[in-house]
Every structure is written in structure tokens, then in C-alpha cells.
Amino acid sequence: MGSIITYDMKCPECKQETGFHDFYYKNDEEYFFCENDDCRFSYKYEWKRDEDSKLVTRDGTENYKFDNLIMLETVVKDGVETITELNQNKDDE
Ligand SMILES: [Zn+2]
């Protein structure tokens, strides 16, 4: 699957250019990881899946349009992981 990888991206936490960013433009999933050992901040945006790795839809049907999927935001800061289920997709603010 197509993705755009960016090395040496500026980290939003430590402001060093030590970030690794991977953006899957076909399905809008996104990963960021800071390689600065003093920081290690990371985040990811992924579509919610069930235990069988099947995409979870908002209305429970098999309509896999993006507006019927649930975006999960996972942020790891200071070693603490926070997972947030977004009410709307990250691009429709
Ligand atoms: Zn950082």
C-alpha cells in the first residue's frame, strides 16, 4: 500500500528533527515516532478494528466508507499511552 515516509521530521514535543513519519495516503492512516532517546514521543492514527482485524463501522454494517469508520488516535508521551476514539475523522474539523 502506498505511503509517504518522511525522515528527520520536527518532533512536536522535543522540537528536534528526529521524527520518522509514515502517512498512508490511500487510507489516511498515519504514524509518527521520535528517535530522540530523551523523548520517544509517538502518535498514530488508525482505523478501529475488531479482534479479527476487521474494520469496525459506526453503524455496524459492512459499509466501509471512511465517514462510517472510527479513527483511533494513540499518543505515547513520557512512556504513557493514551488512546482516543475520535468522534470525527481527523481531517473534518
Ligand atoms: Zn521528540
# chains A, B, ... in the order shown; residues from 1 in each chain; ligands from 1
call {"tool": "select_by_dssp", "arguments": {"residues": "chain A", "states": "strand (DSSP E)", "output": "JSON, numbers by chain"}}
result
{"A": [4, 5, 6, 7, 8, 9, 19, 20, 21, 22, 23, 24, 29, 30, 31, 32, 33, 34, 42, 43, 44, 45, 46, 47, 71, 72, 73, 74, 75, 76, 77, 80, 81, 82, 83, 84, 85]}
call {"tool": "write_last_selection", "arguments": {"atoms": "N, CA and C atoms", "output": "CSV table (one decimal), in the first residue's frame"}}
result
chain,number,residue,atom,x,y,z
A,4,ILE,N,3.8,7.7,2.3
A,4,ILE,CA,4.8,8.7,2.2
A,4,ILE,C,5.6,8.7,3.5
A,5,ILE,N,6.9,8.4,3.4
A,5,ILE,CA,7.7,8.4,4.6
A,5,ILE,C,8.6,9.7,4.6
A,6,THR,N,8.6,10.3,5.7
A,6,THR,CA,9.4,11.5,5.9
A,6,THR,C,10.4,11.2,7.1
A,7,TYR,N,11.6,11.4,6.8
A,7,TYR,CA,12.7,11.2,7.9
A,7,TYR,C,13.0,12.6,8.4
A,8,ASP,N,13.6,12.7,9.6
A,8,ASP,CA,14.1,13.9,10.2
A,8,ASP,C,13.0,15.0,10.2
A,9,MET,N,11.8,14.5,10.5
A,9,MET,CA,10.7,15.5,10.7
A,9,MET,C,10.8,16.1,12.1
A,19,GLY,N,12.2,13.0,14.0
A,19,GLY,CA,11.0,12.2,13.8
A,19,GLY,C,10.9,11.4,12.6
A,20,PHE,N,10.3,10.3,12.6
A,20,PHE,CA,10.0,9.5,11.5
A,20,PHE,C,8.5,9.5,11.3
A,21,HIS,N,8.1,9.8,10.1
A,21,HIS,CA,6.6,10.0,9.8
A,21,HIS,C,6.3,9.1,8.6
A,22,ASP,N,5.2,8.4,8.8
A,22,ASP,CA,4.7,7.5,7.7
A,22,ASP,C,3.2,7.8,7.5
A,23,PHE,N,2.9,8.2,6.3
A,23,PHE,CA,1.5,8.6,6.0
A,23,PHE,C,1.0,7.7,4.9
A,24,TYR,N,-0.1,7.0,5.1
A,24,TYR,CA,-0.7,6.1,4.1
A,24,TYR,C,-1.8,6.9,3.4
A,29,GLU,N,-4.2,6.5,7.2
A,29,GLU,CA,-3.6,6.2,8.4
A,29,GLU,C,-2.2,6.8,8.5
A,30,GLU,N,-1.8,7.1,9.7
A,30,GLU,CA,-0.6,7.9,9.9
A,30,GLU,C,0.2,7.5,11.1
A,31,TYR,N,1.5,7.5,11.0
A,31,TYR,CA,2.4,7.1,12.2
A,31,TYR,C,3.5,8.1,12.3
A,32,PHE,N,3.8,8.4,13.6
A,32,PHE,CA,4.9,9.3,13.9
A,32,PHE,C,5.7,8.7,15.0
A,33,PHE,N,7.0,8.7,14.9
A,33,PHE,CA,7.9,8.2,16.0
A,33,PHE,C,9.1,9.1,16.1
A,34,CYS,N,9.4,9.5,17.3
A,34,CYS,CA,10.6,10.4,17.5
A,34,CYS,C,11.7,9.5,18.0
A,42,SER,N,5.5,9.5,20.4
A,42,SER,CA,4.9,8.9,19.2
A,42,SER,C,3.4,9.1,19.1
A,43,TYR,N,2.9,9.1,17.9
A,43,TYR,CA,1.5,9.0,17.8
A,43,TYR,C,1.1,8.2,16.5
A,44,LYS,N,-0.1,7.8,16.5
A,44,LYS,CA,-0.6,7.1,15.3
A,44,LYS,C,-2.1,7.3,15.2
A,45,TYR,N,-2.5,7.3,14.0
A,45,TYR,CA,-4.0,7.4,13.6
A,45,TYR,C,-4.3,6.1,12.8
A,46,GLU,N,-5.2,5.3,13.4
A,46,GLU,CA,-5.5,4.1,12.7
A,46,GLU,C,-7.0,3.9,12.7
A,47,TRP,N,-7.6,3.2,11.7
A,47,TRP,CA,-9.0,2.9,11.8
A,47,TRP,C,-9.2,1.8,12.8
A,71,MET,N,-11.9,6.5,13.7
A,71,MET,CA,-10.4,6.8,13.7
A,71,MET,C,-9.9,6.8,15.2
A,72,LEU,N,-8.9,6.0,15.5
A,72,LEU,CA,-8.3,5.9,16.8
A,72,LEU,C,-7.0,6.7,16.8
A,73,GLU,N,-6.9,7.5,17.8
A,73,GLU,CA,-5.6,8.3,18.0
A,73,GLU,C,-4.9,7.7,19.2
A,74,THR,N,-3.6,7.3,19.0
A,74,THR,CA,-2.8,6.8,20.0
A,74,THR,C,-1.6,7.7,20.2
A,75,VAL,N,-1.4,8.2,21.4
A,75,VAL,CA,-0.3,9.1,21.7
A,75,VAL,C,0.5,8.5,22.8
A,76,VAL,N,1.8,8.4,22.6
A,76,VAL,CA,2.7,8.0,23.7
A,76,VAL,C,3.6,9.1,24.0
A,77,LYS,N,3.4,9.6,25.3
A,77,LYS,CA,4.2,10.7,25.7
A,77,LYS,C,4.7,10.4,27.1
A,80,VAL,N,3.7,7.1,28.5
A,80,VAL,CA,2.3,6.8,28.8
A,80,VAL,C,1.5,6.8,27.5
A,81,GLU,N,0.8,5.8,27.3
A,81,GLU,CA,0.0,5.6,26.1
A,81,GLU,C,-1.4,6.1,26.3
A,82,THR,N,-1.9,7.0,25.5
A,82,THR,CA,-3.3,7.4,25.6
A,82,THR,C,-4.0,7.1,24.2
A,83,ILE,N,-5.1,6.4,24.3
A,83,ILE,CA,-5.8,6.1,23.1
A,83,ILE,C,-7.2,6.8,23.1
A,84,THR,N,-7.5,7.6,22.1
A,84,THR,CA,-8.7,8.3,22.0
A,84,THR,C,-9.5,7.9,20.7
A,85,GLU,N,-10.8,7.7,20.9
A,85,GLU,CA,-11.6,7.4,19.8
A,85,GLU,C,-12.1,8.7,19.3
call {"tool": "residues_near_ligand", "arguments": {"ligand": "ligand 1", "cutoff": "7 Å", "atoms": "only C-alpha atoms and all ligand atoms", "output": "PDB file with C-alpha atoms, in the first residue's frame"}}
result
ATOM      1  CA  CYS A  11       9.039  16.451  16.629  1.00  0.00           C
ATOM      2  CA  PRO A  12       6.102  18.400  18.131  1.00  0.00           C
ATOM      3  CA  GLU A  13       7.358  17.534  21.636  1.00  0.00           C
ATOM      4  CA  CYS A  14      11.144  17.936  21.761  1.00  0.00           C
ATOM      5  CA  LYS A  15      11.395  20.161  18.628  1.00  0.00           C
ATOM      6  CA  GLN A  16      14.351  18.119  17.385  1.00  0.00           C
ATOM      7  CA  THR A  18      14.454  13.302  14.854  1.00  0.00           C
ATOM      8  CA  GLY A  19      10.974  12.244  13.846  1.00  0.00           C
ATOM      9  CA  CYS A  34      10.569  10.368  17.549  1.00  0.00           C
ATOM     10  CA  GLU A  35      14.006   8.748  17.582  1.00  0.00           C
ATOM     11  CA  ASN A  36      15.437  11.121  20.173  1.00  0.00           C
ATOM     12  CA  CYS A  39      11.850  11.997  24.025  1.00  0.00           C
ATOM     13  CA  ARG A  40      10.425   8.900  22.273  1.00  0.00           C
ATOM     14  CA  PHE A  41       7.175  10.690  21.641  1.00  0.00           C
TER      15      PHE A  41
END
call {"tool": "atom_distance", "arguments": {"atom1": "atom CA of A:Ser3", "atom2": "atom CA of A:Tyr25"}}
result
5.8 Å
call {"tool": "residues_around", "arguments": {"residues": "A:Ile70", "least_positions_apart": "6", "cutoff": "12 Å", "atoms": "only C-alpha atoms", "output": "PyMOL selection string"}}
result
chain A and resi 28-29+45-50+55-60+64+84-90
call {"tool": "atom_distance", "arguments": {"atom1": "atom CA of A:Phe66", "atom2": "atom CA of A:Gly2"}}
result
17.1 Å
call {"tool": "decode", "arguments": {"residues": "stretch 36-86 of chain A", "atoms": "N, CA and C atoms", "output": "short mmCIF file (atom, residue, chain, number, x, y, z; two decimals), in the first residue's frame"}}
result
data_model
loop_
_atom_site.label_atom_id
_atom_site.label_comp_id
_atom_site.auth_asym_id
_atom_site.auth_seq_id
_atom_site.Cartn_x
_atom_site.Cartn_y
_atom_site.Cartn_z
N ASN A 36 14.63 10.51 19.11
CA ASN A 36 15.44 11.12 20.17
C ASN A 36 15.22 10.31 21.46
N ASP A 37 16.28 9.70 21.99
CA ASP A 37 16.16 8.81 23.15
C ASP A 37 15.60 9.51 24.38
N ASP A 38 15.76 10.81 24.46
CA ASP A 38 15.24 11.54 25.62
C ASP A 38 13.77 11.88 25.45
N CYS A 39 13.21 11.56 24.31
CA CYS A 39 11.85 12.00 24.02
C CYS A 39 10.95 10.79 23.76
N ARG A 40 11.18 10.11 22.63
CA ARG A 40 10.42 8.90 22.27
C ARG A 40 8.94 9.15 22.15
N PHE A 41 8.58 10.37 21.86
CA PHE A 41 7.17 10.69 21.64
C PHE A 41 6.70 9.98 20.38
N SER A 42 5.48 9.49 20.41
CA SER A 42 4.93 8.92 19.17
C SER A 42 3.42 9.11 19.12
N TYR A 43 2.91 9.07 17.91
CA TYR A 43 1.46 9.04 17.77
C TYR A 43 1.11 8.22 16.55
N LYS A 44 -0.11 7.77 16.52
CA LYS A 44 -0.59 7.12 15.31
C LYS A 44 -2.08 7.32 15.19
N TYR A 45 -2.53 7.32 13.96
CA TYR A 45 -3.96 7.38 13.64
C TYR A 45 -4.27 6.14 12.83
N GLU A 46 -5.16 5.33 13.36
CA GLU A 46 -5.51 4.09 12.68
C GLU A 46 -7.01 3.91 12.74
N TRP A 47 -7.56 3.23 11.74
CA TRP A 47 -8.97 2.89 11.78
C TRP A 47 -9.17 1.79 12.81
N LYS A 48 -10.25 1.89 13.57
CA LYS A 48 -10.55 0.91 14.59
C LYS A 48 -10.88 -0.44 13.95
N ARG A 49 -10.26 -1.49 14.50
CA ARG A 49 -10.51 -2.85 14.01
C ARG A 49 -10.91 -3.73 15.17
N ASP A 50 -11.64 -4.80 14.87
CA ASP A 50 -12.00 -5.73 15.94
C ASP A 50 -10.91 -6.78 16.11
N GLU A 51 -11.17 -7.78 16.95
CA GLU A 51 -10.12 -8.75 17.25
C GLU A 51 -9.72 -9.60 16.04
N ASP A 52 -10.60 -9.65 15.02
CA ASP A 52 -10.25 -10.36 13.78
C ASP A 52 -9.62 -9.43 12.75
N SER A 53 -9.19 -8.24 13.19
CA SER A 53 -8.59 -7.23 12.31
C SER A 53 -9.56 -6.73 11.26
N LYS A 54 -10.85 -6.90 11.52
CA LYS A 54 -11.84 -6.38 10.58
C LYS A 54 -12.20 -4.95 10.98
N LEU A 55 -12.36 -4.09 10.01
CA LEU A 55 -12.68 -2.70 10.33
C LEU A 55 -14.03 -2.62 11.04
N VAL A 56 -14.09 -1.76 12.04
CA VAL A 56 -15.32 -1.54 12.79
C VAL A 56 -16.03 -0.33 12.18
N THR A 57 -17.33 -0.47 11.90
CA THR A 57 -18.09 0.65 11.33
C THR A 57 -18.96 1.29 12.41
N ARG A 58 -19.30 2.55 12.19
CA ARG A 58 -20.11 3.28 13.17
C ARG A 58 -21.51 2.71 13.28
N ASP A 59 -22.09 2.26 12.18
CA ASP A 59 -23.46 1.76 12.23
C ASP A 59 -23.53 0.22 12.25
N GLY A 60 -22.36 -0.44 12.34
CA GLY A 60 -22.36 -1.89 12.45
C GLY A 60 -22.61 -2.64 11.15
N THR A 61 -22.74 -1.91 10.04
CA THR A 61 -22.96 -2.58 8.76
C THR A 61 -21.61 -2.80 8.06
N GLU A 62 -21.65 -3.33 6.86
CA GLU A 62 -20.41 -3.53 6.11
C GLU A 62 -20.15 -2.38 5.14
N ASN A 63 -20.61 -1.22 5.51
CA ASN A 63 -20.35 -0.02 4.71
C ASN A 63 -19.00 0.55 5.17
N TYR A 64 -17.95 0.30 4.37
CA TYR A 64 -16.60 0.69 4.78
C TYR A 64 -16.16 2.03 4.21
N LYS A 65 -17.13 2.94 4.02
CA LYS A 65 -16.73 4.30 3.62
C LYS A 65 -16.05 4.97 4.81
N PHE A 66 -15.12 5.85 4.52
CA PHE A 66 -14.35 6.47 5.60
C PHE A 66 -15.24 7.17 6.63
N ASP A 67 -16.36 7.78 6.18
CA ASP A 67 -17.18 8.50 7.15
C ASP A 67 -17.99 7.55 8.03
N ASN A 68 -17.93 6.26 7.75
CA ASN A 68 -18.60 5.28 8.61
C ASN A 68 -17.60 4.48 9.43
N LEU A 69 -16.32 4.87 9.40
CA LEU A 69 -15.29 4.18 10.17
C LEU A 69 -14.91 5.04 11.38
N ILE A 70 -14.20 4.44 12.30
CA ILE A 70 -13.84 5.14 13.54
C ILE A 70 -12.32 5.29 13.59
N MET A 71 -11.85 6.52 13.70
CA MET A 71 -10.41 6.78 13.75
C MET A 71 -9.95 6.76 15.20
N LEU A 72 -8.91 5.97 15.47
CA LEU A 72 -8.32 5.92 16.81
C LEU A 72 -7.01 6.70 16.80
N GLU A 73 -6.86 7.55 17.80
CA GLU A 73 -5.62 8.30 17.97
C GLU A 73 -4.88 7.69 19.15
N THR A 74 -3.63 7.29 18.95
CA THR A 74 -2.82 6.75 20.05
C THR A 74 -1.61 7.65 20.21
N VAL A 75 -1.43 8.21 21.39
CA VAL A 75 -0.31 9.10 21.65
C VAL A 75 0.51 8.49 22.78
N VAL A 76 1.83 8.41 22.59
CA VAL A 76 2.70 7.96 23.67
C VAL A 76 3.62 9.12 24.03
N LYS A 77 3.44 9.60 25.25
CA LYS A 77 4.22 10.74 25.72
C LYS A 77 4.74 10.39 27.11
N ASP A 78 6.04 10.58 27.35
CA ASP A 78 6.66 10.21 28.62
C ASP A 78 6.33 8.77 29.00
N GLY A 79 6.28 7.89 28.00
CA GLY A 79 6.04 6.47 28.26
C GLY A 79 4.60 6.12 28.59
N VAL A 80 3.71 7.09 28.52
CA VAL A 80 2.30 6.83 28.83
C VAL A 80 1.50 6.84 27.53
N GLU A 81 0.77 5.76 27.32
CA GLU A 81 -0.01 5.64 26.09
C GLU A 81 -1.44 6.10 26.33
N THR A 82 -1.94 6.97 25.47
CA THR A 82 -3.31 7.45 25.55
C THR A 82 -4.00 7.14 24.23
N ILE A 83 -5.10 6.41 24.29
CA ILE A 83 -5.84 6.07 23.08
C ILE A 83 -7.17 6.82 23.12
N THR A 84 -7.47 7.56 22.07
CA THR A 84 -8.70 8.33 21.98
C THR A 84 -9.46 7.91 20.74
N GLU A 85 -10.75 7.66 20.92
CA GLU A 85 -11.60 7.36 19.78
C GLU A 85 -12.13 8.69 19.29
N LEU A 86 -11.81 9.06 18.08
CA LEU A 86 -12.21 10.38 17.59
C LEU A 86 -13.68 10.34 17.16
#
